Each structure stands twice: as structure tokens, then as C-alpha cells.
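Structure file work.csv (CSV, C-alpha atoms) is printed below.
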```
chain,number,residue,atom,x,y,z
A,1,MET,CA,-28.1,-32.5,-60.6
A,2,ASN,CA,-28.0,-29.9,-57.9
A,3,GLU,CA,-24.5,-30.8,-56.7
A,4,GLY,CA,-23.0,-28.1,-58.9
A,5,PRO,CA,-24.9,-25.1,-57.6
A,6,VAL,CA,-24.7,-26.4,-54.0
A,7,SER,CA,-21.0,-26.8,-54.2
A,8,GLN,CA,-20.6,-23.4,-55.8
A,9,SER,CA,-22.7,-21.8,-53.1
A,10,HIS,CA,-20.6,-23.5,-50.4
A,11,MET,CA,-17.5,-22.3,-52.0
A,12,ILE,CA,-18.8,-18.7,-52.0
A,13,GLU,CA,-19.7,-18.9,-48.3
A,14,THR,CA,-16.3,-20.3,-47.5
A,15,THR,CA,-14.6,-17.5,-49.4
A,16,ASP,CA,-16.7,-14.9,-47.6
A,17,CYS,CA,-15.8,-16.5,-44.3
A,18,LEU,CA,-12.1,-16.5,-45.2
A,19,GLU,CA,-12.3,-12.8,-46.0
A,20,ALA,CA,-13.9,-12.1,-42.6
A,21,VAL,CA,-11.2,-14.2,-40.9
A,22,GLY,CA,-8.6,-12.0,-42.6
A,23,VAL,CA,-10.2,-8.9,-41.4
A,24,PHE,CA,-10.6,-10.1,-37.8
A,25,ARG,CA,-7.0,-11.5,-37.8
A,26,GLY,CA,-5.6,-8.1,-38.8
A,27,TRP,CA,-7.5,-6.2,-36.1
A,28,LYS,CA,-6.8,-8.9,-33.6
A,29,ASN,CA,-3.0,-8.6,-34.2
A,30,PHE,CA,-3.3,-4.8,-33.9
A,31,PHE,CA,-5.1,-5.0,-30.6
A,32,PHE,CA,-2.7,-7.6,-29.3
A,33,LEU,CA,0.3,-5.3,-30.1
A,34,THR,CA,-1.4,-2.4,-28.4
A,35,VAL,CA,-2.3,-4.3,-25.3
A,36,VAL,CA,1.3,-5.6,-25.0
A,37,ILE,CA,2.7,-2.0,-25.4
A,38,CYS,CA,0.3,-0.7,-22.7
A,39,LEU,CA,1.2,-3.5,-20.3
A,40,VAL,CA,4.9,-2.8,-20.8
A,41,LEU,CA,4.4,0.9,-20.2
A,42,ALA,CA,2.5,0.1,-17.0
A,43,GLN,CA,5.3,-2.1,-15.8
A,44,VAL,CA,7.9,0.5,-16.6
A,45,SER,CA,6.0,3.2,-14.8
A,46,PHE,CA,5.9,0.9,-11.7
A,47,TRP,CA,9.6,0.3,-11.7
A,48,LEU,CA,10.4,4.0,-12.2
A,49,VAL,CA,8.7,4.6,-8.9
A,50,ASP,CA,9.9,1.5,-7.2
A,51,LEU,CA,13.6,2.1,-8.1
A,52,GLY,CA,13.4,5.7,-7.1
A,53,PHE,CA,13.9,7.3,-10.5
A,54,VAL,CA,10.5,9.1,-10.0
A,55,SER,CA,9.6,10.4,-6.5
A,56,ILE,CA,6.1,10.1,-5.3
A,57,PRO,CA,4.5,13.3,-4.1
A,58,VAL,CA,4.8,14.3,-0.5
A,59,ASP,CA,2.2,16.5,1.3
A,60,SER,CA,3.7,19.9,2.0
A,61,ALA,CA,2.2,19.8,5.5
A,62,GLU,CA,4.3,16.7,6.3
A,63,VAL,CA,7.5,18.2,5.2
A,64,PRO,CA,9.4,19.8,8.2
A,65,ALA,CA,10.2,23.4,7.8
A,66,VAL,CA,13.9,24.0,7.1
A,67,PRO,CA,15.3,27.1,8.8
A,68,GLU,CA,16.8,29.7,6.4
A,69,ALA,CA,20.5,29.8,6.4
A,70,VAL,CA,22.7,32.7,5.8
A,71,GLU,CA,24.2,32.5,2.4
A,72,THR,CA,27.9,32.5,2.3
A,73,PRO,CA,30.1,33.0,-0.7
A,74,VAL,CA,31.6,29.8,-2.0
A,75,VAL,CA,34.8,29.9,-4.0
A,76,ALA,CA,34.9,27.4,-6.7
A,77,ASP,CA,38.1,25.3,-7.1
A,78,SER,CA,39.2,25.2,-10.6
A,79,ASN,CA,41.1,22.0,-10.1
A,80,ALA,CA,38.1,20.1,-8.6
A,81,PRO,CA,36.4,17.6,-10.9
A,82,ALA,CA,33.1,18.5,-12.3
A,83,GLN,CA,30.1,17.1,-10.3
A,84,PRO,CA,27.2,15.6,-12.2
A,85,SER,CA,24.2,17.9,-12.2
A,86,GLU,CA,20.5,17.1,-12.0
A,87,ALA,CA,20.1,18.4,-15.5
A,88,ASP,CA,22.7,15.9,-16.8
A,89,GLY,CA,20.8,13.0,-15.2
A,90,GLY,CA,22.9,12.7,-12.0
A,91,ILE,CA,25.4,10.0,-11.5
A,92,PHE,CA,23.3,7.5,-13.5
A,93,GLY,CA,23.5,9.5,-16.7
A,94,LEU,CA,19.7,9.3,-17.1
A,95,GLY,CA,19.5,12.5,-19.1
A,96,SER,CA,16.0,13.8,-19.6
A,97,LEU,CA,14.7,11.0,-17.4
A,98,GLY,CA,15.9,13.0,-14.4
A,99,LYS,CA,13.3,15.7,-15.3
A,100,LEU,CA,10.4,13.3,-15.2
A,101,SER,CA,8.0,14.1,-12.4
A,102,PHE,CA,5.3,12.0,-10.8
A,103,GLY,CA,2.7,14.3,-12.5
A,104,HIS,CA,4.0,13.3,-15.9
A,105,LEU,CA,4.0,9.7,-14.9
A,106,ALA,CA,0.5,9.9,-13.5
A,107,ARG,CA,-0.9,11.3,-16.7
A,108,THR,CA,0.9,8.6,-18.6
A,109,ILE,CA,-0.6,5.9,-16.4
A,110,ASP,CA,-4.1,7.4,-16.8
A,111,VAL,CA,-3.8,7.4,-20.6
A,112,VAL,CA,-2.3,3.8,-20.6
A,113,ASP,CA,-5.2,2.6,-18.4
A,114,GLY,CA,-7.8,4.0,-20.8
A,115,ILE,CA,-6.2,2.5,-23.9
A,116,LEU,CA,-5.5,-0.8,-22.2
A,117,ILE,CA,-9.0,-1.6,-21.0
A,118,VAL,CA,-10.5,-0.6,-24.4
A,119,THR,CA,-8.1,-2.5,-26.5
A,120,ALA,CA,-8.3,-5.6,-24.2
A,121,ALA,CA,-12.1,-5.6,-24.6
A,122,LEU,CA,-11.8,-5.2,-28.4
A,123,TYR,CA,-9.2,-8.0,-28.6
A,124,CYS,CA,-11.6,-10.3,-26.7
A,125,MET,CA,-14.4,-9.3,-29.1
A,126,ALA,CA,-12.2,-10.0,-32.1
A,127,MET,CA,-11.6,-13.5,-30.7
A,128,PHE,CA,-15.4,-14.0,-30.2
A,129,PHE,CA,-16.3,-13.0,-33.7
A,130,SER,CA,-13.5,-15.2,-35.1
A,131,LEU,CA,-15.0,-18.1,-33.2
A,132,MET,CA,-18.5,-17.3,-34.6
A,133,VAL,CA,-17.1,-17.1,-38.2
A,134,SER,CA,-15.3,-20.4,-37.8
A,135,LEU,CA,-18.5,-22.1,-36.5
A,136,ILE,CA,-20.8,-20.7,-39.1
A,137,GLY,CA,-18.4,-21.3,-42.0
A,138,ARG,CA,-17.3,-24.7,-40.7
A,139,LEU,CA,-13.7,-23.7,-41.2
A,140,GLY,CA,-12.3,-26.0,-38.6
A,141,GLY,CA,-9.8,-25.3,-35.8
A,142,ILE,CA,-12.6,-24.8,-33.3
A,143,ASN,CA,-10.4,-26.3,-30.5
A,144,HIS,CA,-7.7,-23.6,-30.9
A,145,ILE,CA,-10.0,-20.6,-31.4
A,146,SER,CA,-12.2,-21.6,-28.5
A,147,ARG,CA,-9.2,-21.8,-26.2
A,148,ALA,CA,-7.9,-18.5,-27.5
A,149,PHE,CA,-11.3,-16.8,-26.8
A,150,PHE,CA,-11.5,-18.1,-23.2
A,151,LEU,CA,-7.9,-17.1,-22.5
A,152,SER,CA,-8.6,-13.6,-23.8
A,153,LEU,CA,-11.8,-13.5,-21.7
A,154,ILE,CA,-9.9,-14.4,-18.6
A,155,MET,CA,-7.3,-11.8,-19.5
A,156,LEU,CA,-10.0,-9.1,-19.8
A,157,VAL,CA,-11.5,-10.0,-16.4
A,158,LEU,CA,-8.1,-9.7,-14.8
A,159,VAL,CA,-7.3,-6.4,-16.5
A,160,VAL,CA,-10.5,-4.6,-15.4
A,161,PRO,CA,-9.9,-2.4,-12.3
A,162,TRP,CA,-12.6,-4.0,-10.1
A,163,GLN,CA,-11.2,-2.2,-7.0
A,164,ARG,CA,-12.4,1.1,-8.6
A,165,LEU,CA,-15.6,0.0,-10.2
A,166,LEU,CA,-17.0,-2.1,-7.3
A,167,GLU,CA,-14.9,-0.6,-4.5
A,168,SER,CA,-14.1,-4.2,-3.4
A,169,SER,CA,-11.0,-6.1,-2.3
A,170,VAL,CA,-10.9,-7.7,-5.8
A,171,ILE,CA,-8.3,-5.9,-7.8
A,172,GLY,CA,-7.4,-5.8,-11.5
A,173,VAL,CA,-4.0,-5.5,-13.1
A,174,ILE,CA,-4.8,-1.9,-14.1
A,175,TYR,CA,-3.8,0.5,-11.3
A,176,THR,CA,-4.2,4.3,-10.9
A,177,PRO,CA,-1.6,6.7,-9.7
A,178,SER,CA,-3.2,6.8,-6.3
A,179,ASP,CA,-3.1,3.0,-6.0
A,180,LEU,CA,0.6,3.1,-6.8
A,181,VAL,CA,1.2,5.8,-4.1
A,182,THR,CA,-0.8,3.9,-1.5
A,183,TRP,CA,0.9,0.5,-2.1
A,184,PHE,CA,4.4,2.0,-2.4
A,185,SER,CA,4.0,4.0,0.8
A,186,ALA,CA,2.6,1.0,2.7
A,187,GLN,CA,5.5,-1.1,1.5
A,188,SER,CA,8.1,1.5,2.3
A,189,GLU,CA,6.8,2.1,5.9
A,190,SER,CA,6.4,-1.6,6.7
A,191,ASP,CA,9.2,-4.1,7.6
A,192,SER,CA,7.0,-7.1,6.9
A,193,ILE,CA,8.2,-9.6,4.4
A,194,VAL,CA,4.5,-10.5,3.6
A,195,GLN,CA,3.7,-6.9,2.7
A,196,THR,CA,6.7,-6.8,0.4
A,197,VAL,CA,5.7,-10.0,-1.3
A,198,LEU,CA,2.2,-8.9,-1.8
A,199,TYR,CA,3.4,-5.5,-3.1
A,200,TYR,CA,5.5,-7.1,-5.9
A,201,LEU,CA,2.9,-9.8,-6.6
A,202,ARG,CA,0.3,-7.1,-7.1
A,203,PHE,CA,2.3,-5.0,-9.6
A,204,THR,CA,4.7,-7.6,-11.1
A,205,GLY,CA,3.3,-11.1,-10.6
A,206,TYR,CA,-0.3,-10.1,-11.5
A,207,TRP,CA,1.1,-8.3,-14.6
A,208,LEU,CA,3.1,-11.4,-15.6
A,209,VAL,CA,0.0,-13.6,-15.4
A,210,VAL,CA,-2.0,-11.3,-17.7
A,211,MET,CA,1.0,-11.1,-20.2
A,212,MET,CA,1.2,-14.9,-20.3
A,213,LEU,CA,-2.5,-15.1,-21.0
A,214,MET,CA,-2.2,-12.7,-23.8
A,215,ILE,CA,0.7,-14.6,-25.4
A,216,MET,CA,-1.1,-18.0,-25.0
A,217,SER,CA,-4.3,-16.6,-26.5
A,218,GLN,CA,-2.4,-15.2,-29.5
A,219,THR,CA,-0.5,-18.4,-29.9
A,220,ARG,CA,-3.7,-20.4,-30.0
A,221,SER,CA,-5.1,-18.0,-32.5
A,222,ALA,CA,-2.1,-18.5,-34.8
A,223,ARG,CA,-2.6,-22.3,-34.6
A,224,TRP,CA,-6.3,-21.8,-35.5
A,225,THR,CA,-5.3,-19.9,-38.6
A,226,LYS,CA,-2.8,-22.5,-39.7
A,227,SER,CA,-5.4,-25.2,-39.0
A,228,ILE,CA,-7.9,-23.5,-41.3
A,229,LEU,CA,-5.4,-23.0,-44.1
A,230,ARG,CA,-4.2,-26.7,-43.8
A,231,ARG,CA,-7.8,-28.0,-43.9
A,232,LEU,CA,-8.6,-26.0,-47.0
A,233,GLU,CA,-5.3,-27.2,-48.5
A,234,ILE,CA,-4.1,-23.7,-49.0
A,235,ILE,CA,-0.7,-24.6,-47.4
```
Whole structure, C-alpha cells version:
Amino acid sequence: MNEGPVSQSHMIETTDCLEAVGVFRGWKNFFFLTVVICLVLAQVSFWLVDLGFVSIPVDSAEVPAVPEAVETPVVADSNAPAQPSEADGGIFGLGSLGKLSFGHLARTIDVVDGILIVTAALYCMAMFFSLMVSLIGRLGGINHISRAFFLSLIMLVLVVPWQRLLESSVIGVIYTPSDLVTWFSAQSESDSIVQTVLYYLRFTGYWLVVMMLMIMSQTRSARWTKSILRRLEII
């Protein structure tokens, strides 16, 4: 006689859990997109410096003094071809990119670092709450959401800049402008192949690992959603 009310109560709980899943899924996708954009911007900033499009700052004390030369009038040749100017982006045609200074890039890196660590933490929390809702509501797909959560947790651990927080040799994928200058200067002044390999592993290989963890976590999360809908015979 009590099967009706119990079944109705269970249906209400399942509906509430599905609504919660929809909320966490939407925010999770937003955080995922934000983290990916920040990771891409961090990688672009690295390559701008590495390829020489943006010069790192040089201490004025280290720059040798250039003797002043007597200015002599120069007669322009009207038949000579026009030379590319710095304002036009040089010979690469980079346009406004040629006006980008390391100060602008440093401010961008600082903003990206702040957004990245916050959104990565929120993405991991969204995965955790999705796991809790799935367990409490018995929605199924625990295998997928559990894997997605642990992948996001590993991603968060690798993102945190431990070299700044703990002042240790353990580093995170997030780097500061001073870190970029230090590594770039050390790699430029060294002829060691090992130093070059470590340099690119730190800024590119490490980044690739974190990006793959993000994609794998998001893929597992999508499988979890499909598993829930299939179990409830919605699709």
C-alpha cells in the first residue's frame, strides 16, 4: 500500500538531483572553457617571448653605453623601395603586435594566472559536487564521474604554482613573468641540450599534460551525463 507514495517520493528526489546535475553541468562547462582559454593564452605568451616577438627587459646597467654620433643629413632616394617600418609590423607584417612590450605581456600573464587558478579550483569543485549528487541520487555513471573528478584533481595540483607558494623545486604549470625571464635567460646563455630540453618541457610539455588532463576529465564527464540519461531512459 505504501509503494505509491515511496515511488512518488523517489521520483521527486531523482528529479531534484537531475536539476542539480543540470546546474553543475552548465557551470562545469563554463569553467572548462575558461581554463582552456587561459592555458592557451599562457602558451601564446611563452611563444611570443621564445620566438622573439616580445623582447625580455634588459637592465639598463648591463647595456653598454653607445657614443653619440654626429648627425649627418641623409638624402632620400625617391627610386629606392620603401622599407618596412616598426609601426607597420616589420618584415613579418605583425601590425600592432610589434608594439607589444614585455610590460603588457607581464600584466596579461598575471591576470591569466589569477583567473586560471581560480577557475581550475572551481572546475574541480563542480566535479566533486556532481559526484556527490550522483551518489546521493543513485543516478549511475559513478565510474565515469569518479574518474573525471580525480583527473580534475590531478590537473589542479599540477596547475598550482608550488614554486611560489612553498619556494621549493616543485613547480606548477602556472608561471610568473619573472619565471619566464629566468628560464629564457638561462636557456639563451647555455649551450647545453639538457637545459634546452628542460626549458621546453617546463613551458610546453608540462602545459600539454595539463591540457590533456582537462580534456580527459571533460570527456569522462560527458560520458557520465550520457550514462545517467540512458539509465533513466531519457535517451
Of the candidates A:Phe128, A:Phe184, A:Tyr123, A:Trp27, which one gets nearest to A:Leu51 if we count only C-alpha atoms? A:Phe184
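Proximity of A:Lys28, A:Arg164, A:Arg138, A:Lys226 to A:Ala120, computed with only C-alpha atoms, is greatest for A:Lys28.
The coordinates place atom CA of A:Phe24 at 7.9 Å from atom CA of A:Met127.
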Step by step: start from the point (-2.1, -0.4, -28.2) in the file's coordinates, keep every protein, DNA or RNA residue that has an atom no farther than 12 Å from it, count all atoms listed in the file, and write the set as JSON, numbers by chain. {"A": [27, 28, 29, 30, 31, 32, 33, 34, 35, 36, 37, 38, 39, 40, 41, 111, 112, 113, 114, 115, 116, 117, 118, 119, 120, 121, 122, 123]}
Select, from A:Val157, A:Leu208, A:Val181, A:Met216, the residue with the minimum atom-to-atom distance to A:Pro57, counting all atoms listed in the file. A:Val181
I'd like the interatomic distance between atom CA of A:Ser178 and atom CA of A:Val160, to a tenth of an Å. 16.3 Å
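Nearest to A:Phe150 of all the residues A:Met125, A:Gly52, A:Asp179, A:Ser190 is A:Met125, based on all atoms listed in the file.
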In Å, how far is it from atom CA of A:Thr108 to atom CA of A:Val44? 10.9 Å
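Nearest residue to A:Thr204, choosing from A:Ile174, A:Val54, A:Leu165, A:Met132 and counting all atoms listed in the file: A:Ile174.
Between A:Asn143 and the residues A:Ile228, A:Ala42, A:Val197, A:Met212, the shortest atom-to-atom distance, using all atoms listed in the file, involves A:Ile228.
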A:Tyr200: which residues within 10 Å, counting all atoms listed in the file, same-chain residues fewer than 6 positions away excluded, as a ChimeraX atom specification? /A:46,50,183-184,187,206-207
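Once A:Arg220 and its same-chain neighbours fewer than 2 positions away are set aside, Met127, Leu131, Gly141, Ile142, Asn143, His144, Ile145, Ser146, Arg147, Ala148, Phe149, Phe150, Leu151, Ser152, Leu213, Met214, Ile215, Met216, Ser217, Gln218, Ala222, Arg223, Trp224, Thr225, Lys226 and Ser227 of chain A remain within 12 Å of it when counting all atoms listed in the file.
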